[in-house]
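Note: the block below is final00.txt and it holds compact mmCIF, C-alpha atoms and all ligand atoms.
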# COMPACT_ATOMS: atom_id res chain seq x y z
CA MET A 1 -22.27 0.07 8.84
CA THR A 2 -18.48 0.16 8.39
CA HIS A 3 -16.86 -0.36 11.78
CA PRO A 4 -13.20 0.00 12.70
CA SER A 5 -12.87 -3.77 12.52
CA SER A 6 -13.66 -3.45 8.81
CA ASP A 7 -10.86 -2.43 6.48
CA ARG A 8 -13.18 -0.60 4.05
CA VAL A 9 -12.89 3.20 3.99
CA ILE A 10 -15.86 5.14 2.63
CA ILE A 11 -14.83 7.89 0.21
CA PHE A 12 -17.01 10.98 0.66
CA ASP A 13 -16.27 13.51 -2.06
CA THR A 14 -17.09 17.14 -1.40
CA THR A 15 -15.67 18.73 -4.57
CA LEU A 16 -19.13 20.07 -5.42
CA ARG A 17 -19.68 21.60 -1.96
CA ASP A 18 -16.48 22.40 -0.02
CA GLY A 19 -14.50 22.41 -3.29
CA GLU A 20 -16.89 24.89 -4.81
CA GLN A 21 -16.44 27.12 -1.74
CA SER A 22 -12.93 27.88 -3.06
CA PRO A 23 -12.95 31.51 -4.15
CA GLY A 24 -13.29 31.50 -7.93
CA ALA A 25 -14.24 27.84 -8.28
CA SER A 26 -17.97 28.11 -8.78
CA MET A 27 -19.50 25.73 -11.31
CA ASN A 28 -22.75 25.74 -13.24
CA LEU A 29 -25.35 22.99 -13.12
CA GLU A 30 -24.22 21.18 -16.24
CA GLU A 31 -20.60 21.19 -15.00
CA LYS A 32 -21.65 19.85 -11.59
CA ILE A 33 -23.56 17.02 -13.23
CA ARG A 34 -20.54 16.09 -15.37
CA ILE A 35 -18.33 16.00 -12.29
CA ALA A 36 -20.91 14.00 -10.30
CA GLN A 37 -21.16 11.43 -13.09
CA THR A 38 -17.38 11.11 -13.15
CA LEU A 39 -17.28 10.70 -9.37
CA GLU A 40 -19.84 7.94 -9.63
CA GLU A 41 -17.82 6.20 -12.37
CA MET A 42 -14.79 6.43 -10.11
CA GLY A 43 -16.61 4.50 -7.38
CA VAL A 44 -17.03 7.37 -4.90
CA ASP A 45 -19.40 6.22 -2.13
CA VAL A 46 -20.90 9.56 -1.11
CA ILE A 47 -21.13 12.72 -3.24
CA GLU A 48 -21.83 15.91 -1.32
CA ALA A 49 -23.60 17.82 -4.07
CA GLY A 50 -24.16 21.16 -2.34
CA PHE A 51 -25.74 23.19 0.43
CA PRO A 52 -29.41 23.39 -0.64
CA ALA A 53 -30.38 26.29 1.62
CA ALA A 54 -27.46 28.40 0.45
CA SER A 55 -28.99 29.35 -2.92
CA ASN A 56 -31.50 28.21 -5.52
CA GLY A 57 -28.55 27.10 -7.65
CA ASP A 58 -27.25 24.84 -4.90
CA PHE A 59 -30.75 23.47 -4.29
CA GLU A 60 -31.13 22.64 -7.96
CA ALA A 61 -27.65 21.10 -8.15
CA VAL A 62 -28.40 18.72 -5.26
CA ARG A 63 -31.75 17.81 -6.81
CA GLU A 64 -30.38 17.23 -10.32
CA VAL A 65 -27.29 15.33 -9.18
CA GLY A 66 -29.64 13.16 -7.12
CA ARG A 67 -31.70 12.43 -10.21
CA VAL A 68 -28.77 11.53 -12.43
CA VAL A 69 -26.57 9.55 -10.02
CA ARG A 70 -28.05 6.21 -9.02
CA ASN A 71 -25.33 4.31 -7.16
CA ALA A 72 -23.56 6.78 -4.91
CA THR A 73 -25.26 8.32 -1.87
CA ILE A 74 -26.04 12.02 -2.38
CA ALA A 75 -25.50 14.32 0.57
CA GLY A 76 -26.85 17.83 1.12
CA LEU A 77 -25.24 20.07 3.75
CA CYS A 78 -27.29 22.02 6.33
CA ARG A 79 -26.68 24.13 9.39
CA ALA A 80 -28.59 23.13 12.54
CA HIS A 81 -31.58 25.11 11.27
CA ARG A 82 -35.06 23.81 10.57
CA ASN A 83 -35.24 25.57 7.20
CA ASP A 84 -31.84 24.23 6.06
CA ILE A 85 -32.81 20.67 6.95
CA GLU A 86 -36.19 20.90 5.26
CA ARG A 87 -34.63 22.39 2.10
CA ALA A 88 -32.06 19.59 2.03
CA ALA A 89 -34.75 16.92 2.50
CA GLU A 90 -36.74 18.47 -0.34
CA ALA A 91 -33.72 18.67 -2.67
CA LEU A 92 -32.80 15.04 -1.96
CA LYS A 93 -36.28 13.60 -2.56
CA GLY A 94 -35.53 12.11 -6.00
CA ALA A 95 -32.16 10.61 -5.03
CA ALA A 96 -31.87 6.84 -4.75
CA ARG A 97 -29.71 7.14 -1.63
CA GLN A 98 -30.14 10.28 0.45
CA ARG A 99 -28.01 11.69 3.22
CA ILE A 100 -28.63 14.82 5.26
CA HIS A 101 -25.39 16.25 6.59
CA THR A 102 -25.93 18.72 9.40
CA PHE A 103 -23.26 20.57 11.34
CA ILE A 104 -22.69 23.02 14.15
CA SER A 105 -19.53 24.45 15.71
CA THR A 106 -18.35 22.95 18.98
CA SER A 107 -15.08 24.77 19.77
CA PRO A 108 -15.06 27.44 22.51
CA LEU A 109 -13.95 30.08 19.99
CA HIS A 110 -16.69 29.32 17.47
CA MET A 111 -19.43 28.93 20.10
CA LYS A 112 -18.56 32.22 21.79
CA TYR A 113 -17.87 34.47 18.80
CA LYS A 114 -19.48 32.90 15.76
CA LEU A 115 -22.59 31.25 17.18
CA GLN A 116 -22.84 33.33 20.37
CA MET A 117 -24.36 30.29 22.01
CA GLU A 118 -23.74 28.59 25.34
CA PRO A 119 -22.48 24.98 25.20
CA ASP A 120 -25.80 23.63 26.56
CA ALA A 121 -27.69 25.39 23.78
CA VAL A 122 -25.33 23.85 21.20
CA VAL A 123 -26.03 20.38 22.61
CA GLN A 124 -29.77 21.08 22.37
CA ALA A 125 -29.35 22.26 18.76
CA ILE A 126 -27.54 19.02 17.93
CA TRP A 127 -30.38 17.00 19.39
CA ASP A 128 -33.04 19.03 17.55
CA SER A 129 -31.27 19.14 14.18
CA VAL A 130 -30.28 15.48 14.05
CA SER A 131 -33.74 14.34 15.24
CA LEU A 132 -35.41 16.49 12.58
CA ALA A 133 -33.07 15.17 9.88
CA ARG A 134 -33.85 11.60 10.96
CA ASN A 135 -37.55 12.32 10.47
CA HIS A 136 -36.75 12.87 6.80
CA VAL A 137 -34.02 10.32 5.98
CA GLU A 138 -32.37 7.28 7.54
CA ASP A 139 -28.83 8.31 6.69
CA VAL A 140 -27.80 11.33 8.78
CA GLU A 141 -24.31 12.68 9.20
CA TRP A 142 -23.48 15.10 11.97
CA SER A 143 -20.32 17.23 11.94
CA ALA A 144 -18.64 19.04 14.82
CA GLU A 145 -17.34 22.11 13.01
CA ASP A 146 -13.89 23.06 14.35
CA GLY A 147 -13.92 19.67 16.07
CA SER A 148 -10.14 19.47 16.32
CA ARG A 149 -10.10 22.61 18.53
CA THR A 150 -12.93 21.38 20.75
CA GLU A 151 -12.44 20.35 24.35
CA LEU A 152 -12.51 16.53 24.44
CA ASP A 153 -15.19 15.97 27.12
CA PHE A 154 -17.54 18.42 25.44
CA LEU A 155 -16.89 16.89 22.02
CA CYS A 156 -17.79 13.45 23.40
CA ARG A 157 -20.98 14.86 24.92
CA CYS A 158 -21.93 16.34 21.52
CA VAL A 159 -21.12 13.10 19.69
CA GLU A 160 -23.12 11.04 22.20
CA THR A 161 -26.11 13.37 21.73
CA ALA A 162 -25.89 13.21 17.93
CA ILE A 163 -25.79 9.41 17.97
CA LYS A 164 -28.71 9.20 20.43
CA ALA A 165 -30.69 11.51 18.14
CA GLY A 166 -30.04 9.15 15.23
CA ALA A 167 -26.83 10.22 13.47
CA THR A 168 -25.30 7.31 11.58
CA THR A 169 -22.04 9.07 10.66
CA ILE A 170 -20.04 11.31 12.99
CA ASN A 171 -17.58 13.66 11.36
CA ILE A 172 -14.83 15.41 13.34
CA PRO A 173 -13.46 18.08 11.00
CA ASP A 174 -10.13 19.80 11.26
CA THR A 175 -11.90 22.85 9.90
CA VAL A 176 -8.95 25.23 9.95
CA GLY A 177 -6.20 22.73 9.18
CA TYR A 178 -4.65 23.22 12.62
CA ALA A 179 -4.12 19.62 13.73
CA VAL A 180 -0.96 17.56 13.31
CA PRO A 181 -1.24 13.88 12.41
CA GLU A 182 -0.41 12.18 15.72
CA GLU A 183 -2.69 14.54 17.63
CA TYR A 184 -5.57 14.18 15.18
CA GLY A 185 -5.34 10.38 15.03
CA ALA A 186 -5.33 10.31 18.86
CA LEU A 187 -8.37 12.62 18.94
CA ILE A 188 -10.42 10.30 16.73
CA ARG A 189 -9.39 7.33 18.84
CA ALA A 190 -10.14 9.15 22.11
CA VAL A 191 -13.61 10.28 21.00
CA ARG A 192 -14.46 6.73 19.94
CA GLU A 193 -13.18 5.29 23.19
CA LYS A 194 -14.77 7.84 25.52
CA THR A 195 -18.20 8.12 23.91
CA PRO A 196 -20.41 5.31 25.28
CA ASN A 197 -22.47 4.68 22.12
CA SER A 198 -19.70 5.36 19.56
CA ASP A 199 -19.93 1.89 18.03
CA GLN A 200 -23.35 2.81 16.64
CA ALA A 201 -21.89 5.25 14.11
CA ILE A 202 -19.18 5.45 11.49
CA PHE A 203 -16.51 8.00 12.29
CA SER A 204 -15.40 10.35 9.56
CA VAL A 205 -12.48 12.73 9.00
CA HIS A 206 -12.61 16.03 7.12
CA CYS A 207 -9.27 17.82 6.99
CA HIS A 208 -8.26 21.18 5.58
CA ASN A 209 -4.81 21.87 4.25
CA ASP A 210 -3.74 25.13 5.88
CA LEU A 211 -0.49 23.56 7.09
CA GLY A 212 -0.21 21.14 4.19
CA LEU A 213 -1.22 18.26 6.49
CA ALA A 214 -4.72 17.42 5.28
CA VAL A 215 -3.83 14.07 3.74
CA ALA A 216 -1.49 13.05 6.58
CA ASN A 217 -4.13 13.99 9.15
CA SER A 218 -6.84 12.08 7.28
CA LEU A 219 -4.69 8.95 7.18
CA ALA A 220 -3.89 9.33 10.88
CA GLY A 221 -7.64 9.62 11.50
CA VAL A 222 -8.20 6.35 9.65
CA ALA A 223 -5.53 4.70 11.78
CA GLY A 224 -7.44 6.10 14.78
CA GLY A 225 -10.61 4.28 13.67
CA ALA A 226 -12.32 6.60 11.17
CA ARG A 227 -13.86 4.71 8.26
CA GLN A 228 -14.98 7.63 6.14
CA VAL A 229 -12.66 10.20 4.58
CA GLU A 230 -14.01 13.49 3.22
CA CYS A 231 -11.93 14.82 0.38
CA THR A 232 -11.97 16.60 -2.98
CA ILE A 233 -10.49 16.09 -6.42
CA ASN A 234 -7.14 17.94 -6.72
CA GLY A 235 -7.57 19.01 -3.07
CA LEU A 236 -9.88 21.82 -4.17
CA GLY A 237 -11.47 23.66 -1.22
CA GLU A 238 -11.66 26.62 1.13
CA ARG A 239 -8.36 28.53 1.58
CA ALA A 240 -5.52 26.00 1.11
CA GLY A 241 -8.05 23.31 0.20
CA ASN A 242 -9.25 19.95 1.49
CA ALA A 243 -7.52 16.58 1.60
CA ALA A 244 -6.96 15.44 -2.00
CA LEU A 245 -8.97 12.35 -2.93
CA GLU A 246 -6.32 11.04 -5.31
CA GLU A 247 -3.60 11.27 -2.64
CA ILE A 248 -5.67 9.50 0.02
CA VAL A 249 -6.68 6.72 -2.34
CA MET A 250 -3.22 6.16 -3.81
CA ALA A 251 -1.57 6.28 -0.38
CA LEU A 252 -3.94 3.55 0.79
CA ARG A 253 -3.35 1.52 -2.36
CA THR A 254 0.42 1.97 -2.53
CA ARG A 255 1.10 1.49 1.19
CA ALA A 256 -1.43 -1.26 1.89
CA ASP A 257 1.40 -2.99 3.77
CA TYR A 258 1.37 -0.20 6.35
CA LEU A 259 -2.16 1.17 5.95
CA PRO A 260 -4.30 -1.95 5.54
CA TYR A 261 -7.52 -0.23 4.40
CA LYS A 262 -9.37 -0.41 1.11
CA THR A 263 -11.47 2.03 -0.89
CA GLY A 264 -13.88 1.31 -3.73
CA ILE A 265 -12.18 3.78 -6.08
CA LYS A 266 -11.17 2.64 -9.57
CA THR A 267 -7.85 4.40 -9.47
CA GLU A 268 -7.45 4.33 -13.26
CA THR A 269 -10.10 7.09 -13.44
CA ILE A 270 -8.09 9.52 -11.30
CA THR A 271 -6.25 11.41 -14.06
CA ARG A 272 -9.44 11.91 -16.07
CA ALA A 273 -11.30 13.25 -13.03
CA SER A 274 -8.44 15.56 -12.11
CA ARG A 275 -8.32 17.03 -15.62
CA LEU A 276 -12.07 17.48 -15.73
CA VAL A 277 -12.18 19.39 -12.43
CA SER A 278 -9.20 21.50 -13.45
CA THR A 279 -10.73 22.37 -16.84
CA ILE A 280 -14.13 23.21 -15.37
CA THR A 281 -12.86 25.34 -12.48
CA GLY A 282 -9.89 26.83 -14.32
CA PHE A 283 -7.71 25.86 -11.33
CA VAL A 284 -4.43 24.68 -12.83
CA VAL A 285 -2.86 21.68 -11.09
CA GLN A 286 0.68 22.52 -10.01
CA PRO A 287 3.21 20.44 -12.03
CA ASN A 288 4.74 18.84 -8.93
CA LYS A 289 1.38 17.94 -7.35
CA ALA A 290 1.40 14.36 -6.07
CA ILE A 291 -0.38 11.79 -8.28
CA VAL A 292 -1.90 14.18 -10.85
CA GLY A 293 0.74 16.87 -11.47
CA ALA A 294 2.29 16.94 -14.96
CA ASN A 295 5.65 15.93 -13.45
CA ALA A 296 4.33 13.19 -11.16
CA PHE A 297 5.56 10.51 -13.60
CA ALA A 298 8.20 12.53 -15.49
CA HIS A 299 11.94 12.10 -15.14
CA GLU A 300 14.66 14.41 -16.39
CA SER A 301 17.82 13.64 -14.48
CA GLY A 302 20.21 11.33 -16.31
CA ILE A 303 20.70 9.12 -13.25
CA HIS A 304 16.94 8.69 -12.77
CA GLN A 305 16.34 8.11 -16.48
CA ASP A 306 19.03 5.45 -16.55
CA GLY A 307 17.43 3.79 -13.51
CA MET A 308 13.98 3.98 -15.08
CA LEU A 309 15.20 2.35 -18.28
CA LYS A 310 16.57 -0.54 -16.23
CA HIS A 311 13.61 -0.94 -13.85
CA ALA A 312 10.70 1.50 -13.37
CA GLY A 313 10.55 0.64 -9.68
CA THR A 314 13.84 2.45 -9.14
CA TYR A 315 12.13 5.85 -9.23
CA GLU A 316 8.39 5.16 -9.33
CA ILE A 317 6.40 3.81 -6.39
CA MET A 318 3.22 3.34 -8.41
CA THR A 319 2.65 2.80 -12.11
CA PRO A 320 1.32 5.61 -14.32
CA GLU A 321 -1.29 3.13 -15.62
CA SER A 322 -2.66 2.72 -12.09
CA VAL A 323 -3.82 6.36 -12.15
CA GLY A 324 -4.94 6.28 -15.77
CA LEU A 325 -1.85 7.62 -17.54
CA ASN A 326 -0.44 5.75 -20.54
CA ARG A 327 3.16 5.83 -19.43
CA SER A 328 5.90 7.70 -17.63
CA THR A 329 7.79 10.33 -19.56
CA LEU A 330 11.51 10.77 -19.83
CA VAL A 331 11.81 14.50 -20.31
CA MET A 332 14.68 15.44 -22.55
CA GLY A 333 16.60 18.31 -21.03
CA LYS A 334 20.07 19.34 -19.90
CA HIS A 335 20.02 16.79 -17.07
CA SER A 336 19.28 13.87 -19.38
CA GLY A 337 21.91 11.22 -19.91
CA ARG A 338 23.15 9.23 -22.88
CA ALA A 339 20.99 6.18 -22.02
CA ALA A 340 17.79 8.21 -22.16
CA PHE A 341 18.95 9.92 -25.34
CA ARG A 342 19.52 6.56 -27.00
CA ALA A 343 16.10 5.36 -25.83
CA LYS A 344 14.52 8.52 -27.25
CA LEU A 345 16.28 7.96 -30.60
CA LYS A 346 14.90 4.43 -30.66
CA GLU A 347 11.42 5.68 -29.88
CA LEU A 348 11.68 8.22 -32.72
CA GLY A 349 12.72 5.52 -35.17
CA TYR A 350 16.50 6.18 -35.33
CA GLU A 351 17.64 2.70 -34.43
CA ASP A 352 20.49 2.21 -36.85
CA MET A 353 22.73 5.12 -36.02
CA GLY A 354 26.34 4.25 -35.38
CA ASP A 355 28.10 5.11 -32.13
CA ASN A 356 29.95 8.09 -33.56
CA ALA A 357 26.78 9.65 -34.94
CA VAL A 358 24.96 9.11 -31.66
CA ASN A 359 27.83 10.64 -29.70
CA GLU A 360 27.94 13.69 -31.90
CA ALA A 361 24.15 14.08 -31.81
CA PHE A 362 24.21 13.76 -28.01
CA ARG A 363 26.85 16.51 -27.75
CA ARG A 364 24.73 18.82 -29.91
CA PHE A 365 21.60 17.90 -27.96
CA LYS A 366 23.31 18.91 -24.69
CA ASP A 367 24.32 22.27 -26.22
CA LEU A 368 20.75 22.80 -27.32
CA ALA A 369 19.37 21.82 -23.89
CA ASP A 370 21.59 24.42 -22.25
CA ARG A 371 20.01 27.11 -24.41
CA LYS A 372 16.44 25.82 -24.54
CA LYS A 373 14.31 24.97 -21.49
CA ASP A 374 12.18 22.36 -23.20
CA VAL A 375 13.66 20.11 -25.86
CA PHE A 376 10.81 18.57 -27.83
CA ASP A 377 10.84 15.49 -30.05
CA GLU A 378 10.75 17.82 -33.06
CA ASP A 379 14.00 19.47 -31.90
CA ILE A 380 15.70 16.08 -31.66
CA ILE A 381 14.38 15.02 -35.07
CA ALA A 382 15.71 18.24 -36.62
CA LEU A 383 19.04 17.72 -34.92
CA ILE A 384 19.39 14.11 -36.14
CA ASP A 385 18.30 14.92 -39.69
CA ASP A 386 20.93 17.63 -39.74
CA GLU A 387 23.52 15.19 -38.37
CA VAL A 388 22.65 12.55 -40.97
CA GLY A 389 22.81 15.23 -43.70
CA ARG A 390 26.33 16.14 -42.60
CA GLN A 391 27.63 12.60 -43.02
O1 LIG B 401 -14.56 22.23 7.31
C1 LIG B 401 -15.63 21.98 7.89
O2 LIG B 401 -15.74 21.96 9.12
C2 LIG B 401 -16.80 21.72 7.04
C3 LIG B 401 -18.02 21.23 7.74
C4 LIG B 401 -19.20 21.99 7.31
C5 LIG B 401 -18.17 19.76 7.52
O3 LIG B 401 -16.72 21.83 5.85
ZN ZN B 402 -14.61 21.83 5.20
Translate the structure described by the file into structure tokens.
Ligand code: KIV
Ligand code: ZN
Amino acid sequence: MTHPSSDRVIIFDTTLRDGEQSPGASMNLEEKIRIAQTLEEMGVDVIEAGFPAASNGDFEAVREVGRVVRNATIAGLCRAHRNDIERAAEALKGAARQRIHTFISTSPLHMKYKLQMEPDAVVQAIWDSVSLARNHVEDVEWSAEDGSRTELDFLCRCVETAIKAGATTINIPDTVGYAVPEEYGALIRAVREKTPNSDQAIFSVHCHNDLGLAVANSLAGVAGGARQVECTINGLGERAGNAALEEIVMALRTRADYLPYKTGIKTETITRASRLVSTITGFVVQPNKAIVGANAFAHESGIHQDGMLKHAGTYEIMTPESVGLNRSTLVMGKHSGRAAFRAKLKELGYEDMGDNAVNEAFRRFKDLADRKKDVFDEDIIALIDDEVGRQ
């Protein structure tokens, strides 16, 4: 069990379950298996492969992913319903490491309108569902849906019940992405401190991105004592998405001085995984997306390019190689400076040009860049060949 005294953070990927709940992101079985295999190669600890009671397709996906993946734990999601739990147990049978993940809402709003259940009945459902899940598997996660909008004393009562019934992981989701980091970190800490048996379970965070705070909230939750983070590749997920795996992992790696926690992720696999999920789902990654966007390691401004040519650390806080990219790119455009232009000429094999020729070519390149949004290597080659021909 990973306790707050440990610096190891479990990475629980839910691309195949919460990610797939993104409108338009559904995947077929073969695609899910390819993603699951990639997640395993990355070093993901837990792969949530689906919601077995939701459909035959989800059942089959959990079963097949469980057959193919041998190292990571496979989780199947269930409501606090007997049938859901039995379907999940059935789907997980062939998996080497099985986890049943059961959830129920705990916030006043959800209990009153969605569940139409009294708080005492919710506590009873937690006891029944977790106990039943424990009859099937040893590894049981319980989630308090809408946990961040749940009254603290009631949340602690629910958590205490889940742990007594045998839950080994307790997840406190920010289901609607409502929390802010300081508040959410304090919530995780408070639940751990106020729940008498909290040291018998690993605490987990699961944050949605409705206010763009999913990653910040997850990291605050870790600082508050959570040792499992639930996330998805490219931040895929319901509405504005879930916390992005690549951002969590690279934040922990890059700022280990401030966030002294480790994951088991081989970060060099991140770009490949991001591209795979984007290709399969058809969800294009925005160019300025942290870590995996096309511009994440690209520099166009002359001042930045000059700095980069002198020392990459001037404008990059992590290396492109650390996320599986070959190198940074100096994008040639109207903001590029002479130093980057010279470096580009060198890269293209024009090393022996005299100063006058370079100056003239640079002037013509700037004219071209004003007219043309993207200046490709071919444009520069054409421009130089023309310049050489003129001399
Ligand atoms: O966002 C959420 O609350 C969930 C739970 C089912 C874990 O996805
Ligand atoms: Zn969710």
Residues near range 133-139 of chain A, anyone? I mean within 9 Å using only C-alpha atoms, not counting same-chain ones fewer than 2 positions away, as a PyMOL selection string.
chain A and resi 82+85-86+89+97-102+128-131+141+165-169
Residues from the last selection, C-alpha atoms, saved as an mmCIF file, keeping the file's coordinate frame:
data_model
loop_
_atom_site.group_PDB
_atom_site.id
_atom_site.type_symbol
_atom_site.label_atom_id
_atom_site.label_comp_id
_atom_site.auth_asym_id
_atom_site.auth_seq_id
_atom_site.Cartn_x
_atom_site.Cartn_y
_atom_site.Cartn_z
ATOM 1 C CA ARG A 82 -35.060 23.810 10.570
ATOM 2 C CA ILE A 85 -32.810 20.670 6.950
ATOM 3 C CA GLU A 86 -36.190 20.900 5.260
ATOM 4 C CA ALA A 89 -34.750 16.920 2.500
ATOM 5 C CA ARG A 97 -29.710 7.140 -1.630
ATOM 6 C CA GLN A 98 -30.140 10.280 0.450
ATOM 7 C CA ARG A 99 -28.010 11.690 3.220
ATOM 8 C CA ILE A 100 -28.630 14.820 5.260
ATOM 9 C CA HIS A 101 -25.390 16.250 6.590
ATOM 10 C CA THR A 102 -25.930 18.720 9.400
ATOM 11 C CA ASP A 128 -33.040 19.030 17.550
ATOM 12 C CA SER A 129 -31.270 19.140 14.180
ATOM 13 C CA VAL A 130 -30.280 15.480 14.050
ATOM 14 C CA SER A 131 -33.740 14.340 15.240
ATOM 15 C CA GLU A 141 -24.310 12.680 9.200
ATOM 16 C CA ALA A 165 -30.690 11.510 18.140
ATOM 17 C CA GLY A 166 -30.040 9.150 15.230
ATOM 18 C CA ALA A 167 -26.830 10.220 13.470
ATOM 19 C CA THR A 168 -25.300 7.310 11.580
ATOM 20 C CA THR A 169 -22.040 9.070 10.660
#
Hey, which bits of chain A sit within 10 Å of ligand ZN 402 (chain B), and for each residue what's the closest pair of atoms and how far apart in Å (one decimal), counting all atoms listed in the file, rows by chain and increasing number, as JSON lines?
{"residue": "A:Thr14", "atom": "CA", "partner": "B:ZN402", "partner_atom": "ZN", "distance": 8.5}
{"residue": "A:Arg17", "atom": "CA", "partner": "B:ZN402", "partner_atom": "ZN", "distance": 8.8}
{"residue": "A:Asp18", "atom": "CA", "partner": "B:ZN402", "partner_atom": "ZN", "distance": 5.6}
{"residue": "A:Gly19", "atom": "CA", "partner": "B:ZN402", "partner_atom": "ZN", "distance": 8.5}
{"residue": "A:Gln21", "atom": "CA", "partner": "B:ZN402", "partner_atom": "ZN", "distance": 8.9}
{"residue": "A:Ser143", "atom": "CA", "partner": "B:ZN402", "partner_atom": "ZN", "distance": 10.0}
{"residue": "A:Glu145", "atom": "CA", "partner": "B:ZN402", "partner_atom": "ZN", "distance": 8.3}
{"residue": "A:Asp146", "atom": "CA", "partner": "B:ZN402", "partner_atom": "ZN", "distance": 9.3}
{"residue": "A:Pro173", "atom": "CA", "partner": "B:ZN402", "partner_atom": "ZN", "distance": 7.0}
{"residue": "A:Asp174", "atom": "CA", "partner": "B:ZN402", "partner_atom": "ZN", "distance": 7.8}
{"residue": "A:Thr175", "atom": "CA", "partner": "B:ZN402", "partner_atom": "ZN", "distance": 5.5}
{"residue": "A:Val176", "atom": "CA", "partner": "B:ZN402", "partner_atom": "ZN", "distance": 8.1}
{"residue": "A:Gly177", "atom": "CA", "partner": "B:ZN402", "partner_atom": "ZN", "distance": 9.3}
{"residue": "A:His206", "atom": "CA", "partner": "B:ZN402", "partner_atom": "ZN", "distance": 6.4}
{"residue": "A:Cys207", "atom": "CA", "partner": "B:ZN402", "partner_atom": "ZN", "distance": 6.9}
{"residue": "A:His208", "atom": "CA", "partner": "B:ZN402", "partner_atom": "ZN", "distance": 6.4}
{"residue": "A:Asn209", "atom": "CA", "partner": "B:ZN402", "partner_atom": "ZN", "distance": 9.8}
{"residue": "A:Glu230", "atom": "CA", "partner": "B:ZN402", "partner_atom": "ZN", "distance": 8.6}
{"residue": "A:Cys231", "atom": "CA", "partner": "B:ZN402", "partner_atom": "ZN", "distance": 8.9}
{"residue": "A:Gly237", "atom": "CA", "partner": "B:ZN402", "partner_atom": "ZN", "distance": 7.4}
{"residue": "A:Glu238", "atom": "CA", "partner": "B:ZN402", "partner_atom": "ZN", "distance": 6.9}
{"residue": "A:Arg239", "atom": "CA", "partner": "B:ZN402", "partner_atom": "ZN", "distance": 9.9}
{"residue": "A:Gly241", "atom": "CA", "partner": "B:ZN402", "partner_atom": "ZN", "distance": 8.4}
{"residue": "A:Asn242", "atom": "CA", "partner": "B:ZN402", "partner_atom": "ZN", "distance": 6.8}
{"residue": "A:Ala243", "atom": "CA", "partner": "B:ZN402", "partner_atom": "ZN", "distance": 9.5}
Considering all atoms listed in the file, return as a compact mmCIF listing (two decimals) with C-alpha atoms, in the frame of the given file whatever protein or nucleic-acid residues lie within 8 Å of Phe283 in chain A, sequence-local ones (same chain, fewer than 5 positions apart) excluded.
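Below you can see result.txt, which holds the result:
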# COMPACT_ATOMS: atom_id res chain seq x y z
CA ALA A 25 -14.24 27.84 -8.28
CA VAL A 277 -12.18 19.39 -12.43
CA SER A 278 -9.20 21.50 -13.45
Atom pair CA of Ala290 in chain A + CA of Ile317 in chain A, distance 11.7 Å
Residue contacts of Arg342 in chain A (10 Å, only C-alpha atoms) excluding same-chain residues fewer than 5 positions away, as a list in words
Gly337, Glu347, Leu348, Tyr350, Glu351, Met353, Val358, Asn359 and Phe362 of chain A
